[in-house]
Amino acid sequence: MLKNIVAALLLASSLPALAQTPAAPPAPATAPVTPPKLIVAISVDQFSADLFSEYRQYYSGGLKRLTEQGIVFPRGYQSHAATETCPGHSTILTGSRPSRTGIIANSWFDLGAARADKSVYCAEDETQPGTSSDNYQASPVHLKVPTLGGRMKIANPATRVVSVAGKDRAAIMMGGPTADQVWWLGGPKGYVSYKGVATPPLVAKVNDVMAQRLAEPNPGFELPPQCMAKDFPVKAGDRTVGTGRFAREAGDYKGFRISPEQDAMTLAFAAAAIENMALGKQAQTDIISIGLSATDYIGHTYGTEGTESCIQVDRLDRELGAFFDRLDKDGLDYVVVLTADHGGHDLPERHRLNAMPMEQRVDKALTPKALSAAIAEKTGILGKTLIWGDGPAGDLYFDRSLTAAQRTKVEAATLALLRAHPQVQTVFTKAEIAATPSPSGPPESWLLIQEARASFDPRRSGDLLLLLKPRVMSIPEQAVMGSVATHGSPWDTDRRVPILFWRKGLTHFEQPLGIETVDIMPTLAALIKLPVQKDEIDGRCLDLIAGDGDSCAN
């Protein structure tokens, strides 16, 4: 049976000629009063609120169900400043901002680390001998707070907690350290886990099916009608993007990973895990988190406004429809939440073609290496790296060997240089951020320093926080381009994400006012009647019952 389920779902959702749109579930009746048996938490990496709304009228599958029958918050916020994958995923099922989870960025610097590599990846254990931030042992050790699944297991050890994703940091940050199963796409051979367990038959079978799919070429996906106007080439460095269809040769793992095929594989894995483990079919409530990473890979590689991204959203809608259809056929009582870890911004070259001539790429002089060299020349402190950082925006760290007088000199010179630069919006010092109270109130009205405070950890954050102006892409212009577009800014393009809930029996409504992704965990906890102390989290429970009644009342 499992073999048929995995193979059938994969065939139905990975090949363009065979994809199907599921029938809509029965119309909602009355609001359910009993806890759901299964929580399905989905994060679509880089699925911005802008991307969600741009194609909303074209949804016909799973996204249509969520938007037309579910509870829709189109103005959700990853409310912190460091809008990256790891911190974003850390907020979704913890109810806490990065300042509490400790996951301040995808990576940060520990200049006191014993190893030569001072960069620390958010989902690694850097204390392991011989590892680096590029060659690491995946681990949830840096996550400081429990996930919803972890809290559920404390309340009832029978709860099963499963996490499946395209990226390790997505799977780990949503599953947490006590999850029963945590799997992510580790390479051409398939899905791997940090937990060191022998590969179970289910995962071995999924990996076999993936290998079979990878061994076959993909002729590409047809261009949906809504994507026709986006079909024109855009030049960025040595790259030309905007007209792709995801055609790939047999064995092309990179082409498989940066395409809708990856999400189809992840959803096939999740559906098979639910059936194989009988999740949602026992007395307790179980939870599965699913990290769909293809939208992010595609956004970085091709931008967010070409045929590639348009096809991806269309395929995502179809794959989700097939996935929900599978759960319906199994008769599961489940609740879905779908959101994103952050938004994204299209490449400046296409924006300049489309009525935004002010769009630009960041000056190479703002990269940490160039900045360090310039400050060394200004201060006369030579022979060492004065400033460390992960890129031309975000946290900057001063070398620890500086004397107090040297550090004061370096900080003053750095602040003066950065604040005079035309692409810099602002620079905050560590002391300024630390002195700012944790933010509250509507996330759309926060000041930049409040966003910065939501991302701040006194031990992991830098000595300065550099924030670029709007419409400045933090990838410099270069002859050979890797990624053409990215995210990570404190602006709404990167902060705003959709937050969608669905459960059979809940009446549809839409709330256009802003909420936060940290509100998701207490909202789900209330549905399963799991108490959560308000002072332990940053989020609040959202009432999912339209009109009278309150799903937050216990």
# chains A, B, ... in the order shown; residues from 1 in each chain; ligands from 1
$ residues_around --residues "segment 399-407 of chain A" --least-positions-apart "5" --cutoff "7 Å" --atoms "only C-alpha atoms" --output "ChimeraX atom specification"
/A:111,385-387
$ residues_around --residues "segment 244-261 of chain A" --least-positions-apart "4" --cutoff "8 Å" --atoms "only C-alpha atoms" --output "compact mmCIF listing (two decimals) with all heavy atoms, in the first residue's frame"
# COMPACT_ATOMS: atom_id res chain seq x y z
N SER A 14 4.03 15.35 -9.86
CA SER A 14 5.31 15.81 -10.36
C SER A 14 5.34 16.03 -11.85
O SER A 14 6.11 16.82 -12.35
CB SER A 14 6.40 14.80 -9.99
OG SER A 14 6.65 14.83 -8.62
N GLY A 187 20.51 15.92 -0.72
CA GLY A 187 21.31 15.81 -1.93
C GLY A 187 20.67 14.85 -2.90
O GLY A 187 19.53 14.43 -2.72
N PRO A 188 21.42 14.46 -3.93
CA PRO A 188 20.85 13.58 -4.96
C PRO A 188 20.35 12.25 -4.43
O PRO A 188 19.49 11.62 -5.05
CB PRO A 188 22.03 13.38 -5.93
CG PRO A 188 22.91 14.56 -5.70
CD PRO A 188 22.77 14.90 -4.25
N LEU A 214 14.64 11.48 -10.58
CA LEU A 214 15.83 12.23 -10.96
C LEU A 214 16.50 11.62 -12.18
O LEU A 214 17.08 12.34 -13.01
CB LEU A 214 16.80 12.28 -9.78
CG LEU A 214 18.06 13.13 -9.93
CD1 LEU A 214 17.71 14.57 -10.25
CD2 LEU A 214 18.88 13.05 -8.65
N ALA A 215 16.43 10.31 -12.30
CA ALA A 215 17.06 9.63 -13.43
C ALA A 215 16.34 9.88 -14.75
O ALA A 215 16.88 9.60 -15.82
CB ALA A 215 17.13 8.13 -13.16
N GLU A 216 15.12 10.40 -14.67
CA GLU A 216 14.36 10.71 -15.88
C GLU A 216 14.47 12.20 -16.20
O GLU A 216 14.49 13.03 -15.29
CB GLU A 216 12.88 10.36 -15.67
CG GLU A 216 12.63 8.89 -15.35
CD GLU A 216 11.18 8.63 -14.98
OE1 GLU A 216 10.40 9.62 -14.94
OE2 GLU A 216 10.83 7.47 -14.71
N PRO A 217 14.55 12.58 -17.45
CA PRO A 217 14.56 14.01 -17.79
C PRO A 217 13.19 14.63 -17.56
O PRO A 217 12.18 13.94 -17.52
CB PRO A 217 14.93 14.01 -19.27
CG PRO A 217 14.40 12.69 -19.78
CD PRO A 217 14.59 11.72 -18.65
N ASN A 218 13.17 15.92 -17.39
CA ASN A 218 11.90 16.66 -17.32
C ASN A 218 11.86 17.60 -18.53
O ASN A 218 12.71 18.48 -18.66
CB ASN A 218 11.83 17.46 -16.02
CG ASN A 218 10.49 18.17 -15.85
OD1 ASN A 218 9.67 18.21 -16.76
ND2 ASN A 218 10.27 18.73 -14.67
N PRO A 219 10.89 17.43 -19.41
CA PRO A 219 10.82 18.29 -20.60
C PRO A 219 10.41 19.72 -20.27
O PRO A 219 10.42 20.59 -21.14
CB PRO A 219 9.75 17.60 -21.45
CG PRO A 219 8.89 16.87 -20.48
CD PRO A 219 9.81 16.43 -19.38
N GLY A 220 10.05 19.97 -19.02
CA GLY A 220 9.61 21.30 -18.62
C GLY A 220 8.11 21.37 -18.45
O GLY A 220 7.37 20.46 -18.83
N PHE A 221 7.66 22.43 -17.84
CA PHE A 221 6.24 22.62 -17.56
C PHE A 221 5.63 23.58 -18.57
O PHE A 221 6.29 24.52 -19.03
CB PHE A 221 6.04 23.18 -16.15
CG PHE A 221 6.50 22.25 -15.07
CD1 PHE A 221 7.79 22.34 -14.55
CD2 PHE A 221 5.66 21.27 -14.57
CE1 PHE A 221 8.22 21.49 -13.56
CE2 PHE A 221 6.08 20.40 -13.58
CZ PHE A 221 7.36 20.51 -13.07
N GLU A 222 4.39 23.36 -18.89
CA GLU A 222 3.69 24.28 -19.78
C GLU A 222 3.50 25.63 -19.09
O GLU A 222 3.40 25.72 -17.87
CB GLU A 222 2.31 23.71 -20.16
CG GLU A 222 2.39 22.45 -21.02
CD GLU A 222 1.01 21.94 -21.41
OE1 GLU A 222 0.02 22.61 -21.04
OE2 GLU A 222 0.93 20.89 -22.07
N LEU A 223 3.45 26.68 -19.89
CA LEU A 223 3.30 28.02 -19.35
C LEU A 223 1.82 28.34 -19.18
O LEU A 223 1.08 28.42 -20.15
CB LEU A 223 3.94 29.04 -20.28
CG LEU A 223 4.14 30.45 -19.72
CD1 LEU A 223 5.12 30.43 -18.56
CD2 LEU A 223 4.62 31.39 -20.81
N MET A 265 7.99 16.37 -4.39
CA MET A 265 8.62 15.25 -3.69
C MET A 265 8.42 15.37 -2.18
O MET A 265 8.13 14.39 -1.49
CB MET A 265 10.11 15.25 -4.03
CG MET A 265 10.86 14.04 -3.51
SD MET A 265 10.43 12.53 -4.39
CE MET A 265 10.07 11.45 -3.02
N ALA A 294 11.17 25.13 -2.63
CA ALA A 294 11.44 25.44 -4.03
C ALA A 294 11.19 26.91 -4.37
O ALA A 294 11.93 27.50 -5.17
CB ALA A 294 10.60 24.55 -4.93
N THR A 295 10.16 27.52 -3.80
CA THR A 295 9.87 28.92 -4.12
C THR A 295 11.06 29.81 -3.78
O THR A 295 11.36 30.77 -4.51
CB THR A 295 8.62 29.40 -3.35
OG1 THR A 295 7.53 28.52 -3.64
CG2 THR A 295 8.23 30.81 -3.76
N TYR A 297 14.38 28.81 -3.57
CA TYR A 297 15.47 28.53 -4.51
C TYR A 297 15.21 29.20 -5.86
O TYR A 297 16.12 29.75 -6.49
CB TYR A 297 15.62 27.02 -4.71
CG TYR A 297 16.27 26.30 -3.55
CD1 TYR A 297 15.67 25.20 -2.95
CD2 TYR A 297 17.51 26.71 -3.07
CE1 TYR A 297 16.27 24.52 -1.90
CE2 TYR A 297 18.12 26.04 -2.00
CZ TYR A 297 17.50 24.94 -1.43
OH TYR A 297 18.10 24.28 -0.39
N ILE A 298 13.98 29.16 -6.29
CA ILE A 298 13.61 29.77 -7.58
C ILE A 298 13.70 31.29 -7.50
O ILE A 298 14.19 31.95 -8.42
CB ILE A 298 12.20 29.32 -8.00
CG1 ILE A 298 12.23 27.82 -8.35
CG2 ILE A 298 11.66 30.14 -9.16
CD1 ILE A 298 10.87 27.17 -8.41
N THR A 301 17.37 32.26 -7.67
CA THR A 301 18.02 31.91 -8.92
C THR A 301 17.49 32.68 -10.10
O THR A 301 18.25 33.05 -11.01
CB THR A 301 17.87 30.39 -9.18
OG1 THR A 301 18.35 29.67 -8.03
CG2 THR A 301 18.66 29.95 -10.40
N THR A 307 8.73 33.95 -15.63
CA THR A 307 7.92 32.75 -15.86
C THR A 307 8.23 31.68 -14.81
O THR A 307 7.35 30.90 -14.44
CB THR A 307 8.20 32.17 -17.25
OG1 THR A 307 9.60 31.87 -17.38
CG2 THR A 307 7.79 33.14 -18.35
N GLU A 308 9.48 31.67 -14.33
CA GLU A 308 9.88 30.62 -13.39
C GLU A 308 9.05 30.69 -12.10
O GLU A 308 8.50 29.69 -11.64
CB GLU A 308 11.38 30.74 -13.08
CG GLU A 308 12.28 30.63 -14.29
CD GLU A 308 12.60 31.97 -14.93
OE1 GLU A 308 11.98 32.99 -14.53
OE2 GLU A 308 13.49 32.02 -15.80
N ILE A 311 5.26 29.92 -12.83
CA ILE A 311 5.01 28.48 -12.95
C ILE A 311 5.06 27.83 -11.58
O ILE A 311 4.23 26.97 -11.24
CB ILE A 311 6.04 27.83 -13.90
CG1 ILE A 311 5.80 28.27 -15.34
CG2 ILE A 311 5.98 26.30 -13.80
CD1 ILE A 311 6.89 27.84 -16.30
N GLN A 312 6.03 28.23 -10.75
CA GLN A 312 6.17 27.63 -9.43
C GLN A 312 4.92 27.82 -8.59
O GLN A 312 4.45 26.88 -7.93
CB GLN A 312 7.39 28.21 -8.71
CG GLN A 312 7.45 27.98 -7.21
CD GLN A 312 7.46 26.53 -6.79
OE1 GLN A 312 7.68 25.63 -7.61
NE2 GLN A 312 7.22 26.27 -5.51
N ARG A 315 2.22 25.53 -9.88
CA ARG A 315 2.47 24.13 -9.51
C ARG A 315 2.26 23.91 -8.01
O ARG A 315 1.73 22.88 -7.59
CB ARG A 315 3.88 23.72 -9.90
CG ARG A 315 4.20 23.79 -11.40
CD ARG A 315 3.27 22.97 -12.24
NE ARG A 315 3.16 21.59 -11.80
CZ ARG A 315 2.43 20.67 -12.40
NH1 ARG A 315 1.71 20.99 -13.47
NH2 ARG A 315 2.38 19.43 -11.95
N LEU A 316 2.68 24.86 -7.21
CA LEU A 316 2.47 24.77 -5.76
C LEU A 316 1.00 24.62 -5.44
O LEU A 316 0.60 23.78 -4.62
CB LEU A 316 3.05 26.02 -5.09
CG LEU A 316 2.77 26.18 -3.60
CD1 LEU A 316 3.53 25.14 -2.79
CD2 LEU A 316 3.15 27.60 -3.14
$ residues_around --residues "Ile42 of chain A" --least-positions-apart "3" --cutoff "7 Å" --atoms "only C-alpha atoms" --output "number ranges by chain"
A: 289-291, 337-339
$ closest_atom_pairs --of "segment 435-511 of chain A" --to "segment 88-103 of chain A" --cutoff "8 Å" --atoms "only C-alpha atoms" --output "CSV"
residue,atom,partner,partner_atom,distance
A:Arg453,CA,A:Ser99,CA,7.0
A:Ala454,CA,A:Ser99,CA,5.2
A:Ser455,CA,A:Ser99,CA,4.8
A:Phe456,CA,A:Ser99,CA,4.8
A:Asp457,CA,A:Ser99,CA,5.3
A:Arg460,CA,A:Gly102,CA,7.8
$ write_last_selection --atoms "N, CA and C atoms" --output "PDB file, in the first residue's frame"
ATOM      1  N   ARG A 453      15.137  45.159  17.383  1.00  0.00           N
ATOM      2  CA  ARG A 453      15.075  44.568  18.733  1.00  0.00           C
ATOM      3  C   ARG A 453      14.447  43.179  18.700  1.00  0.00           C
ATOM      4  N   ALA A 454      13.496  42.958  17.804  1.00  0.00           N
ATOM      5  CA  ALA A 454      12.851  41.647  17.690  1.00  0.00           C
ATOM      6  C   ALA A 454      13.803  40.586  17.153  1.00  0.00           C
ATOM      7  N   SER A 455      14.927  41.018  16.554  1.00  0.00           N
ATOM      8  CA  SER A 455      15.932  40.094  16.033  1.00  0.00           C
ATOM      9  C   SER A 455      17.178  40.015  16.914  1.00  0.00           C
ATOM     10  N   PHE A 456      17.168  40.667  18.052  1.00  0.00           N
ATOM     11  CA  PHE A 456      18.404  40.891  18.815  1.00  0.00           C
ATOM     12  C   PHE A 456      18.616  39.849  19.904  1.00  0.00           C
ATOM     13  N   ASP A 457      19.817  39.297  19.936  1.00  0.00           N
ATOM     14  CA  ASP A 457      20.262  38.421  21.015  1.00  0.00           C
ATOM     15  C   ASP A 457      21.591  38.984  21.525  1.00  0.00           C
ATOM     16  N   ARG A 460      24.661  36.818  20.511  1.00  0.00           N
ATOM     17  CA  ARG A 460      24.889  36.438  19.123  1.00  0.00           C
ATOM     18  C   ARG A 460      24.859  37.604  18.151  1.00  0.00           C
TER      19      ARG A 460
END
$ select_by_dssp --residues "segment 380-456 of chain A" --states "helix (DSSP H, G or I)" --output "ChimeraX atom specification"
/A:404-419,430-434,443-445,448-454
$ write_last_selection --atoms "N, CA and C atoms" --output "PDB file, in the first residue's frame"
ATOM      1  N   ALA A 404      40.459  48.957  23.970  1.00  0.00           N
ATOM      2  CA  ALA A 404      39.268  49.789  24.151  1.00  0.00           C
ATOM      3  C   ALA A 404      39.369  51.064  23.314  1.00  0.00           C
ATOM      4  N   ALA A 405      40.554  51.664  23.299  1.00  0.00           N
ATOM      5  CA  ALA A 405      40.741  52.879  22.522  1.00  0.00           C
ATOM      6  C   ALA A 405      40.614  52.609  21.029  1.00  0.00           C
ATOM      7  N   GLN A 406      41.195  51.491  20.572  1.00  0.00           N
ATOM      8  CA  GLN A 406      41.082  51.133  19.153  1.00  0.00           C
ATOM      9  C   GLN A 406      39.641  50.853  18.762  1.00  0.00           C
ATOM     10  N   ARG A 407      38.932  50.160  19.627  1.00  0.00           N
ATOM     11  CA  ARG A 407      37.541  49.829  19.318  1.00  0.00           C
ATOM     12  C   ARG A 407      36.704  51.090  19.181  1.00  0.00           C
ATOM     13  N   THR A 408      36.901  52.041  20.088  1.00  0.00           N
ATOM     14  CA  THR A 408      36.180  53.311  20.010  1.00  0.00           C
ATOM     15  C   THR A 408      36.481  54.028  18.702  1.00  0.00           C
ATOM     16  N   LYS A 409      37.745  53.976  18.306  1.00  0.00           N
ATOM     17  CA  LYS A 409      38.171  54.615  17.064  1.00  0.00           C
ATOM     18  C   LYS A 409      37.542  53.943  15.847  1.00  0.00           C
ATOM     19  N   VAL A 410      37.541  52.609  15.849  1.00  0.00           N
ATOM     20  CA  VAL A 410      36.978  51.841  14.736  1.00  0.00           C
ATOM     21  C   VAL A 410      35.468  52.055  14.648  1.00  0.00           C
ATOM     22  N   GLU A 411      34.783  52.029  15.781  1.00  0.00           N
ATOM     23  CA  GLU A 411      33.332  52.224  15.762  1.00  0.00           C
ATOM     24  C   GLU A 411      32.972  53.604  15.239  1.00  0.00           C
ATOM     25  N   ALA A 412      33.672  54.628  15.681  1.00  0.00           N
ATOM     26  CA  ALA A 412      33.365  55.987  15.232  1.00  0.00           C
ATOM     27  C   ALA A 412      33.598  56.133  13.731  1.00  0.00           C
ATOM     28  N   ALA A 413      34.696  55.571  13.244  1.00  0.00           N
ATOM     29  CA  ALA A 413      34.999  55.663  11.813  1.00  0.00           C
ATOM     30  C   ALA A 413      33.989  54.887  10.979  1.00  0.00           C
ATOM     31  N   THR A 414      33.582  53.732  11.478  1.00  0.00           N
ATOM     32  CA  THR A 414      32.613  52.896  10.752  1.00  0.00           C
ATOM     33  C   THR A 414      31.251  53.571  10.694  1.00  0.00           C
ATOM     34  N   LEU A 415      30.805  54.095  11.816  1.00  0.00           N
ATOM     35  CA  LEU A 415      29.515  54.783  11.842  1.00  0.00           C
ATOM     36  C   LEU A 415      29.513  55.988  10.908  1.00  0.00           C
ATOM     37  N   ALA A 416      30.590  56.739  10.913  1.00  0.00           N
ATOM     38  CA  ALA A 416      30.662  57.927  10.054  1.00  0.00           C
ATOM     39  C   ALA A 416      30.622  57.547   8.584  1.00  0.00           C
ATOM     40  N   LEU A 417      31.380  56.497   8.220  1.00  0.00           N
ATOM     41  CA  LEU A 417      31.406  56.061   6.825  1.00  0.00           C
ATOM     42  C   LEU A 417      30.045  55.557   6.379  1.00  0.00           C
ATOM     43  N   LEU A 418      29.433  54.705   7.199  1.00  0.00           N
ATOM     44  CA  LEU A 418      28.157  54.095   6.813  1.00  0.00           C
ATOM     45  C   LEU A 418      27.035  55.119   6.772  1.00  0.00           C
ATOM     46  N   ARG A 419      26.971  55.979   7.740  1.00  0.00           N
ATOM     47  CA  ARG A 419      25.868  56.944   7.790  1.00  0.00           C
ATOM     48  C   ARG A 419      25.953  57.994   6.690  1.00  0.00           C
ATOM     49  N   LYS A 430      24.912  48.170  19.061  1.00  0.00           N
ATOM     50  CA  LYS A 430      24.402  47.109  19.941  1.00  0.00           C
ATOM     51  C   LYS A 430      23.750  47.705  21.188  1.00  0.00           C
ATOM     52  N   ALA A 431      24.351  48.755  21.725  1.00  0.00           N
ATOM     53  CA  ALA A 431      23.801  49.375  22.932  1.00  0.00           C
ATOM     54  C   ALA A 431      22.438  50.004  22.656  1.00  0.00           C
ATOM     55  N   GLU A 432      22.279  50.633  21.484  1.00  0.00           N
ATOM     56  CA  GLU A 432      20.997  51.246  21.138  1.00  0.00           C
ATOM     57  C   GLU A 432      19.891  50.204  21.038  1.00  0.00           C
ATOM     58  N   ILE A 433      20.195  49.074  20.415  1.00  0.00           N
ATOM     59  CA  ILE A 433      19.181  48.027  20.258  1.00  0.00           C
ATOM     60  C   ILE A 433      18.852  47.411  21.613  1.00  0.00           C
ATOM     61  N   ALA A 434      19.884  47.129  22.414  1.00  0.00           N
ATOM     62  CA  ALA A 434      19.669  46.504  23.726  1.00  0.00           C
ATOM     63  C   ALA A 434      18.824  47.381  24.634  1.00  0.00           C
ATOM     64  N   PRO A 443       2.280  45.128  14.047  1.00  0.00           N
ATOM     65  CA  PRO A 443       3.628  45.017  13.482  1.00  0.00           C
ATOM     66  C   PRO A 443       3.870  45.934  12.297  1.00  0.00           C
ATOM     67  N   GLU A 444       2.796  46.361  11.629  1.00  0.00           N
ATOM     68  CA  GLU A 444       2.959  47.238  10.480  1.00  0.00           C
ATOM     69  C   GLU A 444       3.362  48.658  10.878  1.00  0.00           C
ATOM     70  N   SER A 445       3.262  48.981  12.166  1.00  0.00           N
ATOM     71  CA  SER A 445       3.575  50.342  12.613  1.00  0.00           C
ATOM     72  C   SER A 445       4.885  50.425  13.389  1.00  0.00           C
ATOM     73  N   LEU A 448      12.010  50.979  12.812  1.00  0.00           N
ATOM     74  CA  LEU A 448      13.094  50.076  12.429  1.00  0.00           C
ATOM     75  C   LEU A 448      13.842  49.539  13.639  1.00  0.00           C
ATOM     76  N   ILE A 449      14.047  50.364  14.646  1.00  0.00           N
ATOM     77  CA  ILE A 449      14.782  49.882  15.809  1.00  0.00           C
ATOM     78  C   ILE A 449      13.971  48.852  16.586  1.00  0.00           C
ATOM     79  N   GLN A 450      12.646  48.926  16.501  1.00  0.00           N
ATOM     80  CA  GLN A 450      11.818  47.891  17.134  1.00  0.00           C
ATOM     81  C   GLN A 450      11.930  46.575  16.361  1.00  0.00           C
ATOM     82  N   GLU A 451      11.961  46.650  15.039  1.00  0.00           N
ATOM     83  CA  GLU A 451      12.189  45.448  14.241  1.00  0.00           C
ATOM     84  C   GLU A 451      13.556  44.848  14.578  1.00  0.00           C
ATOM     85  N   ALA A 452      14.554  45.726  14.725  1.00  0.00           N
ATOM     86  CA  ALA A 452      15.890  45.261  15.076  1.00  0.00           C
ATOM     87  C   ALA A 452      15.893  44.591  16.448  1.00  0.00           C
ATOM     88  N   ARG A 453      15.137  45.159  17.383  1.00  0.00           N
ATOM     89  CA  ARG A 453      15.075  44.568  18.733  1.00  0.00           C
ATOM     90  C   ARG A 453      14.447  43.179  18.700  1.00  0.00           C
ATOM     91  N   ALA A 454      13.496  42.958  17.804  1.00  0.00           N
ATOM     92  CA  ALA A 454      12.851  41.647  17.690  1.00  0.00           C
ATOM     93  C   ALA A 454      13.803  40.586  17.153  1.00  0.00           C
TER      94      ALA A 454
END
